[in-house]
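Asker: Would you mind keeping the following structure in view while I ask a few things?
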Amino acid sequence: MRTTFPLSGVELRRHDDPKYPVEGPEFEPYAHQQDLQELFQTSSEFLAVNDSPTGGGKTMSWLAPVVERGEHALAVYPTNALIHDQYDQLTDELDGKFPELGSDVEVLPITADTLRTRYAAEYPNAKTNGERLRALLRKHVYQSENQVLVLTNPDILVMMRRHIYGRTGDPGSRVRQLNEFESIVVDEFHRADRKEQNTLLFLLDEMYDLPEIQCALSKIVLLSATPTTRLEHRFEEAMNAPYHRVTSERETTEERPFDETPTNGWGAVMPPVNLDVRSASTFDTASKLLGEDWDDTEAFARQPGKTVFILDGVHEVDEVYTRLSNALDDRTIVRIDGFHRGDSKEKLNDFDVLVSNSAVEVGIDFSVDRLVFSAPDRASFVQRLGRLRTRSKPQPARCYVSSTVAASLSEIEYDGKVLRARLVETLEDAYHDPRKFDSFDWRYSAAEAYHHVERRAYDANSERAEEIREEGWERILRHFGGGDPPLTRSDVKAHADVIDNAVERTLQWYRGGSLQALVYDRTLGADDPIKTYDLFYLLRHGDVEFFSRTGFDEVVPDEHDDDVSHLAPYVTGYCTYDGTIETNDDGYGRSVRLEAISEIYGWLRADDGIDDETRKPRELGGIGIDIDPDGADRITSIEHLRDEMREDLNVLCYAVAKHPRQVKNQYNLGKFLFLYPLTVGDEQWCAALGVDALYLHCAVQESQNAVDLESLGIDL
């Protein structure tokens with residue numbers, strides 16, 4: 001299926017505002033930048049959402065008032081690549097637009113890698129990342145007179161707040177400097193899934209509510225796409241900080257579409273786009289690009305200027321990059337993905353054709369003349385299309401979506417050009433979010449929050465512990481207790497008991513647990529030879545060899561010993577990586593399936609009366625695994641991985657007695673909620689792992705409840 005239509009550009013009105021705190025006569029702020037600055041000036045505490053368009057200057061909207069006030073601020077970004085990009089952008093902005101104040105602002109990029117490398121040399125006596133983080137912030141927050149901007153990811157923010165860097169029962173080991181930041185900014189908030197949004201909002205609300213002497217946080221800024229109805233309700237009813245949507249009052253007068261050239265006095269933030277919509281399955285766009293669409297693909301990439309391909313899987317990036325490199329020897333073809341991040345800045349400056357995945361999806365600025373992208377979900381569609389920005393002339397784009405989404409887009413009616421708002425509305429209806437289960441809030445986010453509150457109470461004296469529990473329970477009810485019947489402590493404890501130790505190992509982390517392998521990347525020019533990567537991707541597509549931990553230490557050069565020691569506690573297996581294997585004619589690599597061991601048999605067969613609806617998620621201490629070569633290279637060293645997975649796994653699991661394809665179709669789960677075949681004797685089951693196990697359990701439960709209501713004659 002194929003359809004094409006012209007998409008309007010978006011322009012924002014500029015304002016001559018000599019009072020705006022950016023130096024230089026050429027800078028004219030947009031209304032959302034003025035409105036957020038005014039909020040900082042007139043309100044001592046707030047929760048602000050800025051959902052202005054991509055490319056519309058959301059970074060400056062918080063940077064200018066924060067620098068003007070001289071407050072410590074912490075900015076949270078979804079990826080480490082974006083942190084490093086924003087570090088470069090912010091330091092340039094501070095030098096160029098705040099020449100007097102900018103020199104007194106220290107910008108600290110904090111990731112696991114910078115703590116392990118950049119700051120390790122600065123604090124040689126610190127043995128762990130937690131010790132380095134405390135020393136770093138102690139110096140810059142307590143001992144320096146300068147304003148501090150910390151750039152970090154949500155995982156580190158959650159780890160600091162939940163004292164995961166510290167030791168339970170030892171308040172002196174906590175990262176207390178987190179409490180000194182008056183403002184916290186969360187970029188790309190809409191990209192977080194339900195569990196991640198729940199985690200962040202609960203913890204930010206808790207920090208905001210603490211007395212100022214304990215925590216200075218009073219201003220929360222979320223940079224986001226348009227808030228959903230559910231999020232609007234959370235902002236207004238669950239969060240205690242007064243809620244402001246900075247674009248709400250003037251959005252109809254300050255933002256508008258344009259067809260060819262922007263209006264004088266207005267700035268183009270999104271160009272008009274000639275959009276070519278085609279259908280392809282998720283993770284299979286490369287097959288279409290290199291198969292029936294190859295002539296179009298090659299012609300598109302040969303045009304003058306910069307062409308960008310944004311795909312879903314690393315194996316797709318590999319296939320398209322290799323084919324284009326062979327076909328276009330007169331063009332500079334580059335790739336950026338999880339295995340090829342080195343020299344990213346040089347690549348983005350010099351490329352003719354860039355092939356990438358989500359690594360360049362958000363935030364990172366670079367020039368684009370034409371775009372090809374796949375879009376597995378609504379957020380990816382909007383985000384990837386937003387790579388075309390700040391141009392006034394129409395630009396070409398081709399997108400690959402599922403046949404159902406392509407059909408929805410083909411039905412858009414328009415006169416002249418399709419408005420961006422109309423496109424977003426269509427996408428909202430066309431895409432299904434496989435992790436959008438209302439019951440997840442009270443079933444599992446409440447249990448996560450309850451565990452966190454109990455851990456805080458454990459570290460307090462008896463009087464304060466009781467206050468923490470009461471305040472925590474009131475907050476749990478505000479955030480997760482809006483259902484009927486009302487949520488009770490017994491309900492929360494029951495669901496906490498279901499996952500037992502998994503709350504500690506999986507839910508208390510921002511993203512939840514996943515199975516990772518520690519990789520020694522031996523490919524030519526590998527920029528980061530020691531890294532962790534998704535285990536199942538490596539099993540399906542990687543040219544890999546697995547080792548025991550001892551064997552891995554013998555293979556890896558001694559210079560990487562510190563990196564290996566740091567990452568080893570967080571992985572399931574150890575392997576070398578020499579690129580990807582060839583796929584079969586259908587684009588598939590190896591097939592991976594899980595196999596039941598005695599513990600799983602005991603769980604699944606414990607009682608004859610237990611079925612998919614009554615079975616609950618469980619943390620497993622081990623699991624079996626088998627790999628079908630399926631025309632690709634066999635992994636002869638798989639026994640080393642099997643030993644690790646059988647003996648020391650600790651993974652949250654939920655199993656259903658059907659084939660993965662049946663389960664995905666039955667519950668409309670899509671391809672980004674990962675299910676794995678599970679062999680139980682001679683039966684074919686499927687299993688979801690980590691947080692996906694909890695989403696699958698919610699899908700089964702909500703479906704069963706809907707059936708029960710229908711059987712009672714209740715019209716849904």
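Labels for the structure tokens follow display order: chains A, B, ..., residues from 1 in each chain, ligands from 1.
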At a cut-off of 7 Å, using only C-alpha atoms, what residues contact region 42-53 of chain A? Leave out same-chain residues fewer than 4 positions from it and give the result as a PyMOL selection string.
Answerer: chain A and resi 38+58+218-226+241-247
Asker: Give me, as a Markdown table, the closest atom pair and its distance (Å, one decimal) for every residue of region 168-204 of chain A within a cut-off of 9 Å of region 134-155 of chain A, counting only C-alpha atoms, rows sorted by chain and rising number.
Answerer:
| residue | atom | partner | partner_atom | distance |
| --- | --- | --- | --- | --- |
| A:Ser173 | CA | A:Arg134 | CA | 8.5 |
| A:Arg174 | CA | A:Arg134 | CA | 7.8 |
| A:Val175 | CA | A:Arg134 | CA | 5.5 |
| A:Arg176 | CA | A:Arg134 | CA | 7.8 |
| A:Gln177 | CA | A:Leu137 | CA | 6.2 |
| A:Leu178 | CA | A:Leu137 | CA | 8.3 |
| A:Glu180 | CA | A:Val141 | CA | 7.6 |
| A:Phe181 | CA | A:Val148 | CA | 8.8 |
| A:Val186 | CA | A:Pro154 | CA | 8.4 |
| A:Glu196 | CA | A:Pro154 | CA | 8.8 |
| A:Leu200 | CA | A:Pro154 | CA | 7.8 |
Asker: Identify which of the residues A:Asp205, A:Asp350, A:Glu467, A:Glu647 lies closest to Gly622 (chain A), counting only C-alpha atoms when measuring atom-to-atom distances.
Answerer: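 Closest to Gly622 (chain A) of all the choices is A:Glu647.
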Asker: Near Pro6 (chain A), counting only C-alpha atoms, which residues have an atom at most 9 Å away, once you skip same-chain residues fewer than 2 positions from it, shown as an MDAnalysis selection string?
Answerer: chainID A and resid 4 8 272:276 394 416:418
Asker: For Leu201 (chain A), work out the shell of residues within 9 Å, counting only C-alpha atoms and skipping chain neighbours fewer than 6 positions away, then give it as a CSV table (one decimal) with N, CA and C atoms, in the first residue's frame.
Answerer:
chain,number,residue,atom,x,y,z
A,234,ARG,N,-3.1,13.3,35.7
A,234,ARG,CA,-2.1,13.1,36.7
A,234,ARG,C,-1.4,14.4,37.1
A,235,PHE,N,-1.2,15.3,36.1
A,235,PHE,CA,-0.5,16.6,36.4
A,235,PHE,C,-1.4,17.4,37.4
A,238,ALA,N,-2.8,14.4,40.7
A,238,ALA,CA,-1.8,13.6,41.5
A,238,ALA,C,-0.6,14.4,42.0
A,239,MET,N,-0.1,15.3,41.2
A,239,MET,CA,1.0,16.1,41.5
A,239,MET,C,0.6,17.3,42.4
A,479,HIS,N,-1.7,8.9,43.1
A,479,HIS,CA,-1.1,8.6,41.8
A,479,HIS,C,-1.8,7.3,41.2
Asker: I'd like to know which of A:Phe40, A:Gly579, A:Thr532, A:Ile476 is closest to Thr322 (chain A), using only C-alpha atoms.
Answerer: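 Comparing A:Phe40, A:Gly579, A:Thr532, A:Ile476 against Thr322 (chain A), the winner is A:Gly579.
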Asker: Which is closest to Arg14 (chain A) among A:Gly267, A:Pro65, A:Pro99, A:Gly55, if we use only C-alpha atoms?
Answerer: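 Of A:Gly267, A:Pro65, A:Pro99, A:Gly55, the one nearest Arg14 (chain A), counting only C-alpha atoms, is A:Gly267.
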Asker: Write down as an MDAnalysis selection string the residues of region 209-327 of chain A whose backbone DSSP state falls under helix (DSSP H, G or I).
Answerer: chainID A and resid 209 229:238 251:254 285:290 294:302 314:327
Asker: Would you kindly return, as a VMD selection string, each protein, DNA or RNA residue with an atom no farther than 12 Å from any atom of Glu249 (chain A), considering only C-alpha atoms and excluding same-chain residues fewer than 6 positions away?
Answerer: chain A and resid 31 to 32 35 255
Asker: Measuring atom to atom with only C-alpha atoms, identify which of A:Asn240, A:Asn129, A:Gln197, A:Asn326 is nearest to Glu474 (chain A).
Answerer: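 Comparing A:Asn240, A:Asn129, A:Gln197, A:Asn326 against Glu474 (chain A), the winner is A:Asn240.
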Asker: So which residues of region 145-258 of chain A fall under strand (DSSP E or B) by DSSP, listed as an MDAnalysis selection string?
Answerer: chainID A and resid 147:152 167 170 183:186 219:223 243:245 255:258
Asker: Can you work out which one of A:Thr614, A:Ser367, A:Thr523, A:Ser279 has the shortest atom-to-atom distance to Asp543 (chain A), counting only C-alpha atoms?
Answerer: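 Counting only C-alpha atoms, the residue closest to Asp543 (chain A) is A:Thr523.
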Asker: Using Å and a single decimal, report how far CA of Leu669 (chain A) sits from CA of His697 (chain A).
Answerer: 11.8 Å
Asker: Could you tell me how far CA of Ala494 (chain A) sits from CA of Phe674 (chain A), in Å to one decimal place?
Answerer: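 Interatomic distance here is 26.1 Å.
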Asker: Contacts of Ile638 (chain A) at 9 Å or less, counting only C-alpha atoms, minus same-chain residues fewer than 4 places along, as a ChimeraX atom specification?
Answerer: /A:545-547,625-627,634,642-643
Asker: Take the residues from that selection and put them in a file with N, CA and C atoms, as a JSON list (two decimals), in the first residue's frame.
Answerer:
[["chain", "number", "residue", "atom", "x", "y", "z"],
["A", 545, "GLU", "N", 30.75, -15.32, 20.00],
["A", 545, "GLU", "CA", 31.25, -16.51, 20.67],
["A", 545, "GLU", "C", 31.16, -16.26, 22.17],
["A", 546, "PHE", "N", 30.53, -17.18, 22.89],
["A", 546, "PHE", "CA", 30.32, -17.01, 24.33],
["A", 546, "PHE", "C", 31.44, -17.68, 25.13],
["A", 547, "PHE", "N", 31.67, -17.13, 26.32],
["A", 547, "PHE", "CA", 32.72, -17.61, 27.20],
["A", 547, "PHE", "C", 32.21, -17.67, 28.64],
["A", 625, "ILE", "N", 17.79, -22.40, 27.33],
["A", 625, "ILE", "CA", 17.73, -21.67, 26.07],
["A", 625, "ILE", "C", 18.25, -22.56, 24.95],
["A", 626, "ASP", "N", 17.64, -22.41, 23.76],
["A", 626, "ASP", "CA", 18.09, -23.16, 22.60],
["A", 626, "ASP", "C", 18.06, -22.24, 21.39],
["A", 627, "ILE", "N", 19.01, -22.44, 20.50],
["A", 627, "ILE", "CA", 19.16, -21.59, 19.31],
["A", 627, "ILE", "C", 19.07, -22.46, 18.07],
["A", 634, "ARG", "N", 25.89, -21.44, 13.36],
["A", 634, "ARG", "CA", 25.57, -21.99, 14.68],
["A", 634, "ARG", "C", 26.51, -21.38, 15.73],
["A", 642, "ARG", "N", 24.29, -21.06, 28.44],
["A", 642, "ARG", "CA", 23.32, -21.90, 29.12],
["A", 642, "ARG", "C", 23.68, -22.07, 30.59],
["A", 643, "ASP", "N", 24.96, -22.25, 30.88],
["A", 643, "ASP", "CA", 25.38, -22.39, 32.27],
["A", 643, "ASP", "C", 25.01, -21.15, 33.08]]
